[in-house]
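> Dropping the structure in here first, questions after.
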Amino acid sequence: MPIDLTYTPEVASLIERTRAFTREVVLPIEDRHGGDIAAAGGDDVRIELQAAAKAAGVFAPHAPVELGGQGLNMSDRAPVFEEAGYSLFGPLALNIAAPDEGNVHMLAHIASPDQKQRFLEPLAHGDVRSAFAMTEPAPGAGSDPAALSTRAVPAPGGWRINGQKWFITGADGAGFFIIMARTSGEPGLRGGATMFLAPTDTPGIRVGRHIGTLDKSMIGGHCEVSFDDVFVPDSAVLGEVDRGFEYAQVRLGPARMTHVMRWLGAARRAHDVAVAHVAQRQGFGATLGDLGMIQKMVADNEIDIAATRALLVRACWELDQGDPASNSTAIAKTYGAEAIFRIVDRSVQMCGGLGVSEDLPLARLSREVRPFRVYDGPSEVHRWAIAKRVVGAAKRAAREAAE
């Protein structure tokens, strides 16, 4: 299989423009507010940054061209998203932050023409934000989506939805929700879920408290949301009834990879800060960067960066071929989430007291990347799924050999 790791002149130009925009326009705002998006101004700063991104020609690299985006495939998104992720606010500026980026991707593939006009177009343009309402308090859906307990039942002309969600990213200030609800079967069954589109002002939708978390850069927080006898018309069904879990895979694999892309950019910033420090700091009769233990940490960071990129390249290539890439995305997400944390953690260590201070961005980067080992599937769940596929394939091969 031929491998070409070069980019077209158009993509290469977008990578460089994104790099310059992120460092010159976005980073100073992040640094001024310590990476806390609420402190920076929330939606006000989002609107300001997105206007600047549009002026710089780097806005919405993932969105369809007909909606004003750049229409990049997964492979071409990787270096652009990584450059945007060099700042915690960079993805927000380009309109490629979670959950909006994943929702744009899914709506572009599944939504009806009317739904695209009503929901996808304003989302892709940055006129509104969105939220994906799936995760529930125990015993509802969390890492195991089959535990889904929010229920939608038929009503004249549509459906009525009842249930409780939490850790819904971006819920506060979202213009609409994509709601995952059970339309058949009981919790524990793999099928029977449906996705519904509902504007936030639909009666019965209530955004509750922000759940305090380590990370502070996600606009709209991670919220509790209740759906109390929420009526949505039949036209609100996204795709087909009872195929929600199937459709979720359209979103989840690519969204996991774009998470890795963005956080890899943040890890690279941490590494750059640490290397700049150890290249100058004197101690024990030498520059720190000339000492063996520091050199090992620098080298290990370089290895983790390169390996994460390589796994991304493979997974994105498979996705671009139309493959679900379930195993490759699980491997890249698991390795990437853990490698990214290692990179930032080593960078903190290399900078000593400065590393845990607010004089450098490392402490906040550590705070932001740690939850990625939980979000979009904990590492343990991905390892279980990877092993299940491998062992299952071995069992099938044994049965076939015995026949």
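Going by the structure tokens order, chains are called A, B, ..., each with residues numbered from 1, while ligands are numbered from 1 in the order shown.
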List every residue of stretch 62-298 of chain A that DSSP, applied to the backbone of this structure, assigns to alpha helix (DSSP H), and report them as an MDAnalysis selection string.
chainID A and resid 74:84 90:94 100:110 113:115 121:125 244:278 292:298
> Please provide as a CSV table (one decimal) with N, CA, C and O atoms, in the first residue's frame all residues within 9 Å of stretch 289-301 of chain A, with the sequence filter that same-chain residues fewer than 2 positions apart are discarded (counting only C-alpha atoms).

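Saved file result-v4.csv follows:
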```
chain,number,residue,atom,x,y,z
A,268,ARG,N,1.9,19.3,22.7
A,268,ARG,CA,3.0,19.9,22.0
A,268,ARG,C,3.4,21.3,22.7
A,268,ARG,O,4.6,21.6,22.8
A,271,HIS,N,5.3,20.6,25.8
A,271,HIS,CA,6.6,20.1,25.5
A,271,HIS,C,7.5,21.2,25.1
A,271,HIS,O,8.7,21.3,25.5
A,274,ALA,N,8.6,23.3,28.0
A,274,ALA,CA,9.6,22.6,28.9
A,274,ALA,C,10.9,22.5,28.2
A,274,ALA,O,12.0,22.8,28.9
A,275,VAL,N,11.0,22.3,26.9
A,275,VAL,CA,12.3,22.2,26.2
A,275,VAL,C,13.0,23.6,26.2
A,275,VAL,O,14.2,23.7,26.5
A,277,HIS,N,12.7,25.7,28.5
A,277,HIS,CA,13.2,26.0,29.9
A,277,HIS,C,14.5,25.2,30.1
A,277,HIS,O,15.5,25.8,30.6
A,278,VAL,N,14.5,23.9,29.8
A,278,VAL,CA,15.7,23.1,30.1
A,278,VAL,C,16.9,23.4,29.3
A,278,VAL,O,18.0,23.1,29.6
A,279,ALA,N,16.6,24.0,28.1
A,279,ALA,CA,17.7,24.4,27.2
A,279,ALA,C,18.5,25.6,27.8
A,279,ALA,O,19.6,25.9,27.4
A,280,GLN,N,17.9,26.4,28.8
A,280,GLN,CA,18.5,27.6,29.3
A,280,GLN,C,18.9,27.4,30.8
A,280,GLN,O,19.8,28.0,31.3
A,281,ARG,N,18.1,26.7,31.5
A,281,ARG,CA,18.2,26.6,33.0
A,281,ARG,C,19.5,25.9,33.4
A,281,ARG,O,19.8,24.8,32.9
A,282,GLN,N,20.3,26.6,34.3
A,282,GLN,CA,21.5,26.0,34.7
A,282,GLN,C,21.3,25.3,36.1
A,282,GLN,O,20.6,25.8,36.9
A,284,PHE,N,23.5,22.1,38.7
A,284,PHE,CA,24.4,20.9,38.9
A,284,PHE,C,25.5,21.0,37.9
A,284,PHE,O,26.0,20.0,37.4
A,286,ALA,N,25.7,22.2,34.9
A,286,ALA,CA,25.4,22.1,33.5
A,286,ALA,C,24.0,22.7,33.2
A,286,ALA,O,23.3,23.1,34.1
A,287,THR,N,23.7,22.8,31.9
A,287,THR,CA,22.4,23.1,31.5
A,287,THR,C,21.5,21.9,31.7
A,287,THR,O,21.9,20.8,31.4
A,303,ILE,N,8.9,10.8,21.4
A,303,ILE,CA,8.4,9.4,21.0
A,303,ILE,C,6.9,9.4,21.1
A,303,ILE,O,6.2,8.9,20.2
A,304,ASP,N,6.4,9.9,22.3
A,304,ASP,CA,4.9,9.8,22.4
A,304,ASP,C,4.2,10.7,21.4
A,304,ASP,O,3.1,10.4,20.9
A,305,ILE,N,4.8,11.9,21.1
A,305,ILE,CA,4.2,12.7,20.1
A,305,ILE,C,4.1,12.0,18.7
A,305,ILE,O,3.1,12.0,18.0
A,306,ALA,N,5.3,11.4,18.3
A,306,ALA,CA,5.4,10.8,17.0
A,306,ALA,C,4.5,9.6,17.0
A,306,ALA,O,3.8,9.3,15.9
A,339,ALA,N,-0.7,9.0,26.4
A,339,ALA,CA,0.5,9.6,26.0
A,339,ALA,C,0.5,11.1,26.1
A,339,ALA,O,1.5,11.7,26.6
A,340,ILE,N,-0.7,11.7,25.8
A,340,ILE,CA,-0.8,13.2,26.0
A,340,ILE,C,-0.6,13.6,27.4
A,340,ILE,O,0.1,14.6,27.8
A,342,ARG,N,1.1,11.9,29.7
A,342,ARG,CA,2.5,11.7,30.0
A,342,ARG,C,3.3,12.8,29.5
A,342,ARG,O,4.2,13.3,30.2
A,343,ILE,N,3.1,13.3,28.3
A,343,ILE,CA,3.8,14.4,27.8
A,343,ILE,C,3.7,15.7,28.7
A,343,ILE,O,4.7,16.3,29.0
A,344,VAL,N,2.5,16.0,29.0
A,344,VAL,CA,2.3,17.2,29.9
A,344,VAL,C,2.9,17.0,31.2
A,344,VAL,O,3.5,17.9,31.8
A,346,ARG,N,5.4,15.0,32.2
A,346,ARG,CA,6.9,15.1,32.1
A,346,ARG,C,7.3,16.6,32.0
A,346,ARG,O,8.3,17.0,32.5
A,347,SER,N,6.5,17.4,31.2
A,347,SER,CA,6.9,18.8,31.0
A,347,SER,C,6.8,19.5,32.3
A,347,SER,O,7.6,20.4,32.6
A,349,GLN,N,7.3,18.2,35.2
A,349,GLN,CA,8.4,17.8,36.0
A,349,GLN,C,9.7,18.4,35.6
A,349,GLN,O,10.6,18.8,36.5
A,350,MET,N,9.9,18.6,34.3
A,350,MET,CA,11.1,19.2,33.8
A,350,MET,C,11.3,20.7,34.3
A,350,MET,O,12.4,21.2,34.4
```
> May I ask which of the residues A:Leu319, A:Leu360, A:Ala131, A:Leu312 is the closest one to A:Ile219, counting only C-alpha atoms?
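Using only C-alpha atoms, A:Ile219 sits closest to A:Ala131.
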> Write down as a PyMOL selection string the residues of stretch 182-346 of chain A whose backbone DSSP state falls under strand (DSSP E or B).
chain A and resi 182+193-199+205-210+222-233+237-238+282-283+286-287
> Please provide the set of residues having any atom within 8 Å of A:Ala98, restricted to only C-alpha atoms, with same-chain residues fewer than 4 positions apart removed, written as an MDAnalysis selection string.
chainID A and resid 102 169 218 259
> Print the selection's residues with N, CA, C and O atoms to a file, as a compact mmCIF listing (two decimals), in the first residue's frame.

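Once everything was written out, this is out19.txt:
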```txt
# COMPACT_ATOMS: atom_id res chain seq x y z
N GLY A 102 -18.21 17.43 16.51
CA GLY A 102 -18.79 16.11 16.26
C GLY A 102 -20.22 16.17 15.80
O GLY A 102 -20.67 15.36 14.97
N THR A 169 -21.75 18.33 27.93
CA THR A 169 -20.82 19.40 27.62
C THR A 169 -21.48 20.46 26.75
O THR A 169 -22.15 20.15 25.77
N MET A 218 -13.90 24.24 28.42
CA MET A 218 -15.05 23.84 27.61
C MET A 218 -16.20 24.83 27.82
O MET A 218 -16.74 24.94 28.92
N HIS A 259 -10.60 14.67 19.03
CA HIS A 259 -10.16 14.95 20.40
C HIS A 259 -8.64 14.74 20.50
O HIS A 259 -7.92 15.56 21.09
```
> In Å to one decimal, how far is atom CA of A:Leu214 from atom CA of A:Gly336?
19.1 Å
> Between A:Ala266, A:Ala38, A:Met180, A:Ala147, which one has atoms that come closest to A:Pro91, using only C-alpha atoms?
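Checking each of A:Ala266, A:Ala38, A:Met180, A:Ala147 against A:Pro91, counting only C-alpha atoms, the winner is A:Ala266.
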> Write out as a list of chain:residue names which residues come within 10 Å of A:Leu14 when counting only C-alpha atoms, dropping same-chain ones fewer than 4 positions away.
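Listed by chain and then number, they are A:Thr8, A:Pro9, A:Glu10, A:Thr18, A:Arg19, A:Ala20, A:Ala56, A:Gly57, A:Val58, A:Phe59, A:Pro61, A:Gln70, A:Asp76, A:Pro79, A:Val80, A:Glu83.
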> Create the file for the chosen residues now, containing C-alpha atoms and written as a PDB file, in the first residue's frame.

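Wrote again16.pdb, looks like this:
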```pdb
ATOM      1  CA  THR A   8      -1.780  19.564  -0.932  1.00  0.00           C
ATOM      2  CA  PRO A   9      -0.601  23.182  -1.194  1.00  0.00           C
ATOM      3  CA  GLU A  10      -4.065  24.309  -0.060  1.00  0.00           C
ATOM      4  CA  THR A  18      -3.921  28.118  11.557  1.00  0.00           C
ATOM      5  CA  ARG A  19      -0.574  27.916  13.322  1.00  0.00           C
ATOM      6  CA  ALA A  20      -0.012  31.657  13.017  1.00  0.00           C
ATOM      7  CA  ALA A  56      -8.089  34.902   8.770  1.00  0.00           C
ATOM      8  CA  GLY A  57      -9.663  32.265   6.510  1.00  0.00           C
ATOM      9  CA  VAL A  58      -9.230  29.405   8.983  1.00  0.00           C
ATOM     10  CA  PHE A  59     -12.808  28.988  10.234  1.00  0.00           C
ATOM     11  CA  PRO A  61     -12.099  23.441   8.372  1.00  0.00           C
ATOM     12  CA  GLN A  70     -13.197  23.946   4.193  1.00  0.00           C
ATOM     13  CA  ASP A  76      -6.327  16.546   6.371  1.00  0.00           C
ATOM     14  CA  PRO A  79      -2.568  18.697  11.374  1.00  0.00           C
ATOM     15  CA  VAL A  80      -5.001  21.631  11.241  1.00  0.00           C
ATOM     16  CA  GLU A  83      -2.302  23.474  15.349  1.00  0.00           C
TER      17      GLU A  83
END
```
> Can you tell me which residues surround A:Leu49 at a distance of at most 8 Å, considering only C-alpha atoms, apart from same-chain residues fewer than 2 positions away, and format the answer as a ChimeraX atom specification?
/A:26,45-47,51-53,92-94
> When you count only C-alpha atoms, which of these residues is closest to A:Ala39: A:Leu362, A:Lys216, A:Ala397, A:Arg262?
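Nearest candidate to A:Ala39 out of A:Leu362, A:Lys216, A:Ala397, A:Arg262: A:Lys216.
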